[in-house]
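Engineer: Below you'll find structure.cif; it's mmCIF, C-alpha atoms.
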```cif
data_model
#
loop_
_atom_site.label_atom_id
_atom_site.label_comp_id
_atom_site.auth_asym_id
_atom_site.auth_seq_id
_atom_site.Cartn_x
_atom_site.Cartn_y
_atom_site.Cartn_z
CA MET A 152 98.25 112.62 136.46
CA THR A 153 97.80 112.85 132.71
CA ALA A 154 99.88 115.23 130.58
CA THR A 155 98.42 116.31 127.24
CA HIS A 156 100.49 117.31 124.22
CA THR A 157 100.09 118.47 120.64
CA LEU A 158 102.57 117.33 118.00
CA ARG A 159 102.97 118.74 114.51
CA VAL A 160 103.34 115.99 111.88
CA PRO A 161 103.06 116.15 108.08
CA GLY A 162 99.52 117.27 107.30
CA ALA A 163 98.19 117.24 110.86
CA HIS A 164 98.43 118.21 114.52
CA LEU A 165 98.24 115.16 116.80
CA HIS A 166 96.74 115.19 120.27
CA TYR A 167 98.37 112.68 122.60
CA GLU A 168 98.35 111.96 126.33
CA VAL A 169 100.94 110.49 128.69
CA ARG A 170 100.32 109.03 132.14
CA GLY A 171 102.09 106.74 134.60
CA ALA A 172 105.68 105.58 134.95
CA GLY A 173 107.62 102.54 133.78
CA PRO A 174 108.16 100.82 130.41
CA LEU A 175 106.60 102.72 127.52
CA LEU A 176 103.30 101.35 126.21
CA LEU A 177 101.26 102.81 123.35
CA LEU A 178 97.51 102.12 123.27
CA MET A 179 96.03 102.78 119.83
CA GLY A 180 92.61 102.68 118.22
CA SER A 181 91.08 103.84 114.97
CA PRO A 182 88.68 105.56 114.82
CA MET A 183 88.57 105.22 118.61
CA GLU A 184 90.25 108.18 120.27
CA ALA A 185 92.41 108.57 123.38
CA GLU A 186 89.45 109.16 125.70
CA ALA A 187 88.07 105.68 125.02
CA PHE A 188 91.30 104.14 126.35
CA ALA A 189 91.38 106.27 129.51
CA SER A 190 90.16 103.56 131.91
CA LEU A 191 92.53 100.95 130.47
CA ALA A 192 95.40 103.44 130.53
CA ASP A 193 94.67 104.31 134.17
CA ALA A 194 94.68 100.61 135.06
CA LEU A 195 98.12 100.19 133.45
CA ALA A 196 99.71 103.42 134.64
CA SER A 197 100.91 101.99 137.96
CA ASP A 198 103.72 100.15 136.19
CA HIS A 199 103.83 101.58 132.66
CA THR A 200 104.22 104.94 131.00
CA VAL A 201 101.05 104.79 128.91
CA VAL A 202 100.59 106.88 125.78
CA THR A 203 97.25 107.32 124.02
CA HIS A 204 96.37 109.57 121.11
CA ASP A 205 93.60 110.68 118.79
CA PRO A 206 94.24 109.33 115.29
CA ARG A 207 94.66 111.99 112.64
CA GLY A 208 91.34 113.61 111.74
CA ILE A 209 89.65 112.29 114.90
CA SER A 210 88.67 114.48 117.87
CA GLY A 211 91.67 116.59 118.90
CA SER A 212 93.98 115.55 116.05
CA THR A 213 93.21 118.01 113.28
CA LEU A 214 94.09 117.80 109.59
CA ASP A 215 95.41 120.51 107.31
CA ASP A 216 93.19 119.03 104.58
CA PRO A 217 89.89 117.75 106.03
CA GLU A 218 89.27 115.79 102.83
CA GLU A 219 92.43 113.71 103.19
CA ASP A 220 91.90 109.95 103.14
CA THR A 221 94.00 108.47 105.92
CA LEU A 222 95.71 105.13 105.48
CA PRO A 223 97.26 102.75 108.05
CA ASP A 224 100.77 103.52 106.81
CA ARG A 225 100.34 107.21 107.56
CA ARG A 226 98.81 106.49 110.95
CA ALA A 227 101.83 104.26 111.62
CA ASP A 228 104.20 107.11 110.76
CA ASP A 229 102.25 109.29 113.19
CA ALA A 230 102.83 106.75 115.96
CA ALA A 231 106.55 106.69 115.16
CA ALA A 232 106.57 110.50 115.32
CA ILE A 233 105.06 110.36 118.81
CA LEU A 234 107.87 108.02 119.87
CA ASP A 235 110.33 110.52 118.45
CA ALA A 236 108.68 113.34 120.41
CA LEU A 237 109.00 111.29 123.58
CA GLY A 238 112.66 110.57 122.87
CA ALA A 239 111.89 106.84 122.87
CA ASP A 240 113.75 104.34 120.74
CA SER A 241 110.99 101.74 121.12
CA ALA A 242 107.82 100.81 122.96
CA ASP A 243 105.34 98.03 123.47
CA VAL A 244 102.15 98.60 121.48
CA PHE A 245 98.56 97.49 121.99
CA GLY A 246 96.31 98.23 119.03
CA SER A 247 92.57 97.59 118.95
CA SER A 248 90.54 97.12 115.77
CA GLY A 249 91.72 99.78 113.29
CA GLY A 250 94.45 100.58 115.81
CA ALA A 251 95.64 96.99 115.49
CA VAL A 252 95.93 97.57 111.74
CA THR A 253 97.97 100.69 112.53
CA GLY A 254 100.18 98.53 114.74
CA LEU A 255 100.77 96.02 111.95
CA ALA A 256 101.75 98.87 109.62
CA LEU A 257 104.02 100.33 112.33
CA VAL A 258 105.96 97.07 112.66
CA ALA A 259 106.23 96.68 108.88
CA ARG A 260 107.46 100.26 108.38
CA HIS A 261 109.41 100.85 111.60
CA PRO A 262 110.30 97.37 112.88
CA ASP A 263 112.94 98.55 115.35
CA ARG A 264 110.49 100.82 117.16
CA VAL A 265 108.19 98.11 118.55
CA ARG A 266 109.26 95.55 121.14
CA THR A 267 105.96 93.66 121.35
CA LEU A 268 102.84 94.34 119.31
CA VAL A 269 99.52 93.01 120.55
CA ALA A 270 97.18 93.39 117.57
CA HIS A 271 93.72 92.91 119.09
CA GLU A 272 91.14 91.89 116.48
CA PRO A 273 92.42 93.76 113.41
CA PRO A 274 89.79 93.93 110.64
CA VAL A 275 92.20 92.83 107.89
CA MET A 276 89.50 91.65 105.49
CA GLU A 277 91.84 91.18 102.54
CA ILE A 278 93.37 88.01 104.03
CA LEU A 279 90.01 86.22 104.21
CA PRO A 280 89.00 83.65 101.58
CA ASP A 281 85.92 85.77 100.82
CA ALA A 282 87.87 89.03 100.59
CA ALA A 283 86.04 90.18 97.46
CA GLU A 284 82.66 89.78 99.17
CA GLN A 285 83.92 91.63 102.25
CA ARG A 286 85.24 94.43 100.05
CA ALA A 287 81.83 94.77 98.42
CA MET A 288 80.12 94.97 101.82
CA THR A 289 82.53 97.70 102.92
CA GLU A 290 81.66 99.68 99.81
CA ALA A 291 77.96 99.16 100.55
CA ILE A 292 78.44 100.61 104.04
CA ILE A 293 80.19 103.68 102.63
CA GLU A 294 77.49 104.12 99.99
CA THR A 295 74.83 103.87 102.69
CA PHE A 296 76.58 106.62 104.65
CA HIS A 297 76.60 108.96 101.67
CA LYS A 298 72.99 108.22 100.71
CA GLU A 299 71.24 107.61 104.03
CA GLY A 300 73.47 109.07 106.73
CA GLN A 301 75.31 107.77 109.76
CA GLY A 302 72.47 106.00 111.54
CA ALA A 303 71.85 103.66 108.62
CA ALA A 304 75.57 103.27 107.97
CA TRP A 305 76.31 102.32 111.57
CA MET A 306 73.52 99.76 111.55
CA LYS A 307 74.87 98.16 108.37
CA PHE A 308 78.42 98.31 109.72
CA MET A 309 77.43 96.61 112.99
CA ALA A 310 75.51 93.92 111.10
CA VAL A 311 78.46 93.18 108.81
CA ALA A 312 80.80 93.13 111.81
CA GLY A 313 78.51 90.64 113.57
CA PHE A 314 77.36 92.79 116.49
CA VAL A 315 73.72 93.01 115.42
CA THR A 316 71.42 91.25 113.00
CA GLU A 317 70.19 92.98 109.87
CA GLY A 318 67.03 93.77 111.80
CA GLY A 319 69.00 95.67 114.42
CA GLU A 320 68.80 93.17 117.30
CA SER A 321 71.93 92.61 119.35
CA ALA A 322 73.93 89.58 118.32
CA GLU A 323 74.84 87.00 120.92
CA SER A 324 78.48 88.13 120.95
CA GLY A 325 77.58 91.42 122.61
CA GLU A 326 76.38 94.93 122.01
CA GLY A 327 78.31 97.80 120.59
CA GLY A 328 81.74 98.07 119.09
CA GLU A 329 84.39 100.58 118.22
CA GLY A 330 82.72 103.79 117.18
CA ALA A 331 79.20 102.56 118.05
CA PRO A 332 78.33 105.57 120.28
CA ALA A 333 78.16 107.64 117.10
CA GLY A 334 75.43 105.39 115.74
CA PRO A 335 72.08 104.02 116.89
CA PHE A 336 73.38 102.86 120.29
CA GLY A 337 73.24 106.25 121.98
CA GLU A 338 72.63 109.94 121.35
CA PRO A 339 75.74 111.14 119.51
CA THR A 340 77.55 114.36 120.38
CA GLU A 341 78.71 116.76 117.70
CA GLN A 342 82.18 115.27 118.03
CA ASP A 343 80.77 111.74 117.65
CA LEU A 344 79.10 112.82 114.43
CA ALA A 345 82.27 114.45 113.13
CA ASN A 346 84.30 111.35 113.98
CA GLY A 347 81.69 109.10 112.38
CA ALA A 348 81.72 111.14 109.18
CA ARG A 349 85.50 110.94 109.15
CA PHE A 350 85.39 107.18 109.66
CA PHE A 351 82.89 106.39 106.92
CA GLY A 352 84.04 109.08 104.49
CA HIS A 353 87.81 108.81 104.77
CA ASP A 354 89.09 105.99 107.02
CA LEU A 355 87.04 102.81 106.65
CA ARG A 356 88.02 101.87 103.10
CA GLY A 357 91.76 102.25 103.70
CA THR A 358 91.68 100.26 106.93
CA ALA A 359 89.54 97.43 105.55
CA ARG A 360 91.71 97.13 102.42
CA TYR A 361 95.01 97.02 104.26
CA VAL A 362 97.02 93.91 103.43
CA PRO A 363 99.43 92.90 106.23
CA ASP A 364 103.01 92.39 105.04
CA ILE A 365 103.48 88.91 106.51
CA ALA A 366 107.09 88.67 105.35
CA ALA A 367 107.99 91.98 107.01
CA LEU A 368 106.11 91.08 110.19
CA THR A 369 107.84 87.72 110.56
CA ALA A 370 111.27 89.16 109.71
CA ALA A 371 110.99 92.03 112.20
CA PRO A 372 112.67 91.81 115.62
CA THR A 373 109.27 92.60 117.07
CA ARG A 374 107.25 89.96 118.88
CA VAL A 375 103.89 90.12 117.06
CA LEU A 376 100.89 88.66 118.87
CA VAL A 377 97.26 88.56 117.76
CA GLY A 378 94.61 89.09 120.42
CA ILE A 379 91.05 87.73 120.28
CA GLY A 380 88.22 88.42 122.70
CA ALA A 381 86.92 85.44 124.66
CA ASP A 382 83.39 86.45 123.66
CA SER A 383 84.08 87.45 120.04
CA GLN A 384 82.83 84.30 118.33
CA GLY A 385 80.62 85.33 115.43
CA LEU A 386 82.40 88.63 114.83
CA ILE A 387 84.21 89.23 111.55
CA THR A 388 87.30 90.27 113.53
CA HIS A 389 87.40 86.83 115.16
CA ARG A 390 87.80 85.41 111.66
CA THR A 391 90.42 87.92 110.56
CA SER A 392 92.40 87.48 113.78
CA THR A 393 92.38 83.70 113.52
CA VAL A 394 93.58 83.77 109.90
CA LEU A 395 96.26 86.39 110.67
CA ALA A 396 97.65 84.39 113.60
CA ASP A 397 97.81 81.32 111.36
CA ARG A 398 99.66 83.29 108.67
CA LEU A 399 102.15 84.48 111.29
CA GLY A 400 102.61 80.95 112.63
CA THR A 401 101.42 81.90 116.12
CA ARG A 402 98.51 81.11 118.40
CA PRO A 403 95.98 83.84 119.23
CA VAL A 404 96.08 85.31 122.73
CA GLU A 405 92.70 85.42 124.47
CA PHE A 406 91.52 88.60 126.21
CA PRO A 407 88.42 89.26 128.34
CA GLY A 408 85.21 90.31 126.64
CA ASP A 409 84.61 90.82 122.96
CA HIS A 410 85.92 93.29 120.38
CA ALA A 411 86.09 96.17 122.87
CA GLY A 412 86.53 94.14 126.04
CA PHE A 413 88.74 96.81 127.59
CA LEU A 414 85.70 99.08 127.85
CA GLY A 415 83.64 96.65 129.93
CA ASP A 416 86.42 95.33 132.18
CA PRO A 417 89.44 97.65 132.01
CA LYS A 418 91.12 96.22 135.12
CA GLY A 419 90.75 92.61 134.00
CA PHE A 420 91.82 93.53 130.49
CA ALA A 421 94.84 95.43 131.83
CA GLU A 422 95.92 92.41 133.84
CA ALA A 423 95.63 90.17 130.79
CA LEU A 424 97.63 92.64 128.70
CA ARG A 425 100.24 93.00 131.43
CA ASN A 426 100.64 89.21 131.59
CA THR A 427 100.90 88.99 127.81
CA LEU A 428 103.62 91.62 127.62
CA THR A 429 105.72 89.95 130.31
CA SER A 430 105.23 86.31 129.30
#
```
Would you write the structure of this file as structure tokens?

Structural biologist:
Amino acid sequence: MTATHTLRVPGAHLHYEVRGAGPLLLLMGSPMEAEAFASLADALASDHTVVTHDPRGISGSTLDDPEEDTLPDRRADDAAAILDALGADSADVFGSSGGAVTGLALVARHPDRVRTLVAHEPPVMEILPDAAEQRAMTEAIIETFHKEGQGAAWMKFMAVAGFVTEGGESAESGEGGEGAPAGPFGEPTEQDLANGARFFGHDLRGTARYVPDIAALTAAPTRVLVGIGADSQGLITHRTSTVLADRLGTRPVEFPGDHAGFLGDPKGFAEALRNTLTS
């Protein structure tokens, strides 16, 4: 059984869901909402209390100011507020893509609140040797959104990420990625379009420009692990994850599938995550 809640935080109302019983585990995405984690959460709920939420400005988490640009630090404070609402001192955290960036910010800002962070393929472009080039490509994606709309922006985004070629053909590493249903990979709903506009207009730049605080991450009592999909070779997040793990002095942890492997094999992914948390 899943219980749904709404939490008032500075500047927003957050929608979050709780299911299962056992040690507390937060599953986080950005811009991916709670619904996308439902199958993974169900697979983990037999032995964990699993919490998912819609990031601020996405789906059921509404903003007081719709024009607010959201940054990883603020999303991290939202996650800490959810822990407060649950009366929890700490939790394990799995963050995917932009949610992994949120997780890194959560550990840096609230180090005592996270026991283990599994940051699965965070797009932390600023730590790459070609950060300036990556920054320019992010700006080109945002400009495309404003000039040509979401379809063109999603295609450029997926090409830069490594999921498709510039011509739109699927890359060898797999089809689709976080947020792809709002683009050329399926007929988007009104909510998909609203979330996509939020992502390109107010979230993408802040997430892509986030610089992990390596000193804070290594000094924290938190065990910080970087996850990489077994099939993610060729994706930009494979590069960022490899560099981040090296900066942290750890080895990446392999998970089934590619960037969103938990969508294709939630049970297998849940087992891998369960093993990682208990190892």

Engineer: So which residues are close to (83.5, 101.4, 103.9), meaning at most 8 Å away in the file's coordinates with only C-alpha atoms counted, and can you show them as a ChimeraX atom specification?

Structural biologist: /A:288-294,351-352,354-356,359

Engineer: If you measure from atom CA of Phe413 of chain A to atom CA of His156 of chain A, what distance in Å do you get, rounded to one decimal?

Structural biologist: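 So the two atoms, atom CA of Phe413 of chain A and atom CA of His156 of chain A, lie 23.9 Å apart.
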
Engineer: Could you spell out the hits of the PyMOL selection byres ((chain A and resi 272-284) around 9) on the shown file, as a ChimeraX atom specification?

Structural biologist: /A:246-253,255,270-271,285-289,358-363,377-380,387-395,410

Engineer: What is the distance, in Å and to one decimal place, between atom CA of Pro182 of chain A and atom CA of Val265 of chain A?

Structural biologist: 21.2 Å

Engineer: Find the spatial neighbours of Val375 of chain A, counting all atoms listed in the file, within a cut-off of 8 Å - ignore same-chain residues fewer than 2 positions away - and output them as JSON, numbers by chain.

Structural biologist: {"A": [267, 268, 269, 270, 368, 369, 373, 377]}

Engineer: Find the distance between atom CA of Met179 of chain A and atom CA of Leu214 of chain A and write it in Å to one decimal.

Structural biologist: 18.3 Å
